[in-house]
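Novice: Dropping in final_22.txt, which is compact mmCIF, C-alpha atoms:
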# COMPACT_ATOMS: atom_id res chain seq x y z
CA MET U 1 9.32 -2.00 3.84
CA GLU U 2 8.16 -5.52 3.11
CA LEU U 3 5.86 -6.35 0.20
CA LEU U 4 3.96 -9.62 0.07
CA ALA U 5 2.43 -10.74 -3.19
CA GLY U 6 -0.26 -13.35 -3.37
CA VAL U 7 -3.87 -14.26 -3.82
CA VAL U 8 -6.42 -13.86 -1.06
CA THR U 9 -9.95 -15.00 -0.61
CA VAL U 10 -11.89 -12.31 1.22
CA ASP U 11 -15.30 -13.24 2.55
CA ASP U 12 -15.81 -10.09 4.63
CA VAL U 13 -13.74 -7.03 3.70
CA ASP U 14 -14.16 -5.32 7.08
CA ASP U 15 -13.05 -8.46 8.92
CA PHE U 16 -10.03 -8.92 6.63
CA VAL U 17 -8.96 -5.29 7.07
CA GLU U 18 -9.42 -5.55 10.84
CA ARG U 19 -7.17 -8.63 10.91
CA LEU U 20 -4.47 -6.75 8.96
CA ASP U 21 -4.83 -3.76 11.31
CA ALA U 22 -4.44 -6.07 14.30
CA VAL U 23 -1.22 -7.51 12.82
CA GLY U 24 0.06 -3.97 12.36
CA ASP U 25 -0.89 -3.00 15.91
CA ASP U 26 0.71 -6.13 17.36
CA HIS U 27 4.02 -5.38 15.61
CA GLY U 28 4.01 -1.56 15.61
CA VAL U 29 3.91 -1.32 11.82
CA THR U 30 1.50 -0.24 9.10
CA VAL U 31 -0.14 -3.02 7.08
CA GLN U 32 -2.09 -2.10 3.95
CA ALA U 33 -3.44 -4.44 1.25
CA PHE U 34 -3.78 -3.39 -2.37
CA ASP U 35 -5.56 -5.02 -5.27
CA ALA U 36 -2.50 -6.08 -7.30
CA ARG U 37 -4.28 -5.34 -10.57
CA TYR U 38 -3.69 -1.63 -9.82
CA VAL U 39 -0.08 -1.80 -8.55
CA VAL U 40 2.36 -1.31 -11.43
CA ASP U 41 5.58 -2.08 -9.53
CA ARG U 42 7.43 -1.83 -6.23
CA HIS U 43 8.44 1.80 -6.88
CA HIS U 44 4.73 2.71 -7.09
CA LEU U 45 4.25 1.76 -3.43
CA GLU U 46 7.66 2.98 -2.23
CA ARG U 47 6.87 6.44 -3.57
CA ALA U 48 3.37 6.37 -2.07
CA VAL U 49 4.83 5.59 1.37
CA GLU U 50 7.45 8.33 1.04
CA LEU U 51 4.91 10.98 0.03
CA ALA U 52 2.31 9.89 2.59
CA ASP U 53 4.90 10.13 5.36
CA ARG U 54 5.95 13.57 4.16
CA ALA U 55 2.32 14.75 4.12
CA ILE U 56 1.78 13.41 7.64
CA ALA U 57 4.97 15.07 8.91
CA ARG U 58 3.81 18.40 7.45
CA GLY U 59 0.27 18.04 8.78
CA GLU U 60 -1.07 17.95 5.20
CA ASN U 61 -2.54 14.44 5.35
CA VAL U 62 -6.17 13.82 4.40
CA ALA U 63 -6.52 10.60 6.41
CA ARG U 64 -6.02 10.10 10.13
CA ASP U 65 -4.70 6.58 9.54
CA ARG U 66 -1.23 6.13 7.96
CA ALA U 67 -2.37 3.05 6.01
CA VAL U 68 -5.24 5.00 4.43
CA GLU U 69 -2.94 7.94 3.65
CA ILE U 70 -0.57 5.55 1.86
CA LEU U 71 -3.54 4.11 -0.04
CA CYS U 72 -4.58 7.62 -1.13
CA PHE U 73 -1.12 8.36 -2.48
CA ALA U 74 -0.86 5.00 -4.24
CA ALA U 75 -4.23 5.72 -5.84
CA GLY U 76 -3.22 9.27 -6.78
CA ARG U 77 -6.41 10.53 -5.12
CA ARG U 78 -7.20 12.78 -2.19
CA GLN U 79 -10.74 11.38 -1.92
CA ILE U 80 -10.53 8.44 0.47
CA ASN U 81 -13.67 6.75 -0.89
CA ARG U 82 -12.26 6.76 -4.43
CA ALA U 83 -8.88 5.48 -3.22
CA PHE U 84 -10.56 2.47 -1.58
CA GLU U 85 -11.19 1.05 -5.06
CA MET U 86 -7.49 0.16 -5.09
CA GLY U 87 -7.87 -1.77 -1.83
CA VAL U 88 -9.23 -5.25 -1.36
CA SER U 89 -12.74 -6.37 -2.20
CA ALA U 90 -14.77 -9.48 -1.50
CA GLY U 91 -13.89 -12.64 -3.40
CA GLU U 92 -10.63 -14.09 -4.64
CA LEU U 93 -8.17 -11.53 -5.92
CA PRO U 94 -4.45 -10.88 -6.39
CA VAL U 95 -3.01 -8.64 -3.68
CA VAL U 96 0.12 -6.85 -2.67
CA VAL U 97 0.34 -6.34 1.09
CA LEU U 98 2.63 -3.57 2.28
CA VAL U 99 4.20 -3.85 5.73
CA ASP U 100 6.13 -0.77 6.84
CA ALA U 101 7.40 0.70 10.09
CA PRO U 102 6.46 4.34 10.71
CA PRO U 103 9.06 6.91 9.64
CA ASP U 104 10.01 7.74 13.22
CA ALA U 105 11.10 4.11 13.49
CA ASP U 106 14.14 4.01 11.23
CA ALA U 107 15.05 0.56 9.92
CA GLY U 108 17.02 -1.31 12.50
CA ASP U 109 16.13 1.25 15.16
CA ALA U 110 14.83 0.06 18.47
CA THR U 111 12.20 2.07 20.28
CA SER U 112 9.79 1.27 23.07
CA GLY U 113 6.78 -0.80 22.10
CA ARG U 114 3.30 -0.75 23.70
CA ASP U 115 4.44 -3.06 26.48
CA GLY U 116 7.57 -0.99 27.24
CA THR U 117 10.01 -3.41 25.60
CA ASP U 118 12.37 -2.42 22.81
CA VAL U 119 11.11 -3.08 19.28
CA ASP U 120 13.48 -3.64 16.34
CA HIS U 121 11.48 -2.21 13.43
CA THR U 122 13.18 -4.21 10.71
CA ALA U 123 12.43 -7.38 12.66
CA ALA U 124 8.90 -6.11 13.36
CA GLU U 125 8.28 -5.71 9.62
CA ARG U 126 9.56 -9.24 8.95
CA GLU U 127 7.49 -10.72 11.79
CA ALA U 128 4.33 -8.89 10.70
CA ALA U 129 4.92 -10.03 7.11
CA ALA U 130 5.30 -13.63 8.30
CA THR U 131 2.04 -13.32 10.24
CA VAL U 132 0.22 -12.07 7.14
CA GLU U 133 1.74 -14.85 5.01
CA SER U 134 0.49 -17.43 7.51
CA MET U 135 -3.13 -16.23 7.28
CA PRO U 136 -5.31 -19.02 5.84
CA ALA U 137 -6.80 -16.61 3.28
CA PHE U 138 -3.35 -15.71 1.86
CA GLU U 139 -1.62 -17.80 -0.81
CA PRO U 140 1.77 -16.45 -1.98
CA ALA U 141 1.94 -15.85 -5.74
CA PRO U 142 4.09 -13.67 -8.03
CA VAL U 143 1.46 -10.99 -8.73
CA LEU U 144 3.49 -7.81 -8.07
CA GLY U 145 3.87 -6.07 -11.42
CA GLU U 146 1.21 -8.26 -13.04
CA TYR U 147 -1.22 -5.34 -13.19
CA ASP U 148 -4.18 -5.04 -15.55
CA PRO U 149 -3.21 -2.31 -18.08
CA ASP U 150 -6.80 -1.46 -19.02
CA ARG U 151 -7.89 -1.28 -15.37
CA VAL U 152 -4.86 0.91 -14.52
CA ARG U 153 -5.43 3.22 -17.49
CA ASP U 154 -9.07 3.66 -16.54
CA PHE U 155 -8.39 4.16 -12.82
CA PHE U 156 -5.55 6.66 -13.35
CA GLU U 157 -7.35 8.30 -16.30
CA VAL U 158 -4.55 7.68 -18.79
CA GLY U 159 -5.64 8.35 -22.35
CA SER U 160 -4.22 6.86 -25.54
CA ALA U 161 -2.51 10.10 -26.57
CA GLU U 162 -0.80 10.45 -23.20
CA LEU U 163 0.31 6.82 -23.27
CA ALA U 164 1.68 7.22 -26.80
CA THR U 165 3.66 10.29 -25.69
CA VAL U 166 5.65 8.16 -23.24
CA GLY U 167 6.05 5.27 -25.63
CA GLY U 168 3.55 3.06 -23.81
CA ASP U 169 5.35 3.29 -20.45
CA LEU U 170 2.28 3.05 -18.21
CA PRO U 171 4.25 2.61 -14.96
CA SER U 172 5.96 5.98 -15.54
CA LEU U 173 2.60 7.68 -15.89
CA VAL U 174 1.31 6.05 -12.70
CA HIS U 175 4.47 7.16 -10.86
CA GLU U 176 3.76 10.68 -12.13
CA ARG U 177 0.15 10.57 -10.84
CA VAL U 178 1.42 9.52 -7.40
CA ALA U 179 4.08 12.25 -7.38
CA LEU U 180 1.66 14.96 -8.52
CA LEU U 181 -0.94 14.32 -5.82
CA PRO U 182 0.60 16.82 -3.35
CA VAL U 183 0.64 19.49 -6.06
CA GLU U 184 -3.05 19.05 -6.87
CA LYS U 185 -4.25 20.31 -3.49
Is it possible to give me this structure as structure tokens?
Specialist:
Amino acid sequence: MELLAGVVTVDDVDDFVERLDAVGDDHGVTVQAFDARYVVDRHHLERAVELADRAIARGENVARDRAVEILCFAAGRRQINRAFEMGVSAGELPVVVLVDAPPDADAGDATSGRDGTDVDHTAAEREAAATVESMPAFEPAPVLGEYDPDRVRDFFEVGSAELATVGGDLPSLVHERVALLPVEK
């Protein structure tokens, strides 16, 4: 898994998402952009990928698209429309872009790509990440972990009493919301 942190200027959300999807398709990987103000840390997205892949493998996914399923888990929501709030929106915003090979493509594994040639998935992730970084709308910046605590608390419905119980460790509560999503079905 590759994570790119930066700032993007999005004029048209659908066009931006389509360009990310095309990068993913070209390299045989999943590419999903998140509004960095909602992403508490790397573990937040690692766990979302792990649980989304498990749900897909079990046939318990709510989305047909792996990127959207990962977004749902990262958001701690089964409702796709509500999970989209954690995605990109129009304007200039901090983002974290996840680039990840599907689980059947173990890191370093080579399998046949769309054109019949072997694809090294670790290299495919790196190449896709480089393509995203080279997009004119993307400006690298250290925004991973620079979340907005009030926005996160509101989005994940974390109250003051709950936050006090864990000594103010908001990332732990977000990790819990992500982990509990499969149980809430």
Novice: Wanna dump the region 2-66 of chain U-region 157-170 of chain U contacts at 12 Å for me, each residue with its shortest atom pair and the distance in Å to one decimal, counting only C-alpha atoms, ordered by chain and number, as CSV?
Specialist:
residue,atom,partner,partner_atom,distance
U:Tyr38,CA,U:Leu170,CA,11.3
U:Val39,CA,U:Leu170,CA,11.1
U:Val40,CA,U:Leu170,CA,8.1
U:Asp41,CA,U:Leu170,CA,10.6
U:His44,CA,U:Leu170,CA,11.4
Novice: Using all atoms listed in the file, which of the listed residues (U:Ala75, U:Glu2, U:Leu98, U:Ala83) sits closest to Leu20 (chain U)?
Specialist: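 That would be U:Leu98, the residue with the smallest distance to Leu20 (chain U).
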Novice: Can you work out which one of U:Leu3, U:Val31, U:Val13, U:Ala129 has the shortest atom-to-atom distance to His43 (chain U), counting only C-alpha atoms?
Specialist: U:Leu3
Novice: Which residue out of U:Ile56, U:Pro94, U:Ile80, U:Asn61 has the minimum interatomic distance to Ala5 (chain U) when all atoms listed in the file are used?
Specialist: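 Among the listed residues, the smallest separation from Ala5 (chain U) belongs to U:Pro94.
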Novice: How big is the axis-aligned box around all listed atoms of region 87-100 of chain U once 3 Å goes on each side, and where's its centre, in Å to one decimal, as JSON?
Specialist:
{"center_x": -4.3, "center_y": -7.4, "center_z": 0.2, "size_x": 26.9, "size_y": 19.3, "size_z": 19.2}
Novice: Please list as a VMD selection string every residue within 9 Å of Val8 (chain U), counting all atoms listed in the file and excluding residues in the same chain fewer than 2 positions away.
Specialist: chain U and resid 6 10 91 to 95 136 to 140
Novice: U:Met86, U:Leu180, U:Leu45, U:Val29: which is nearest Gly145 (chain U), counting all atoms listed in the file?
Specialist: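 Checking each of U:Met86, U:Leu180, U:Leu45, U:Val29 against Gly145 (chain U), counting all atoms listed in the file, the winner is U:Leu45.
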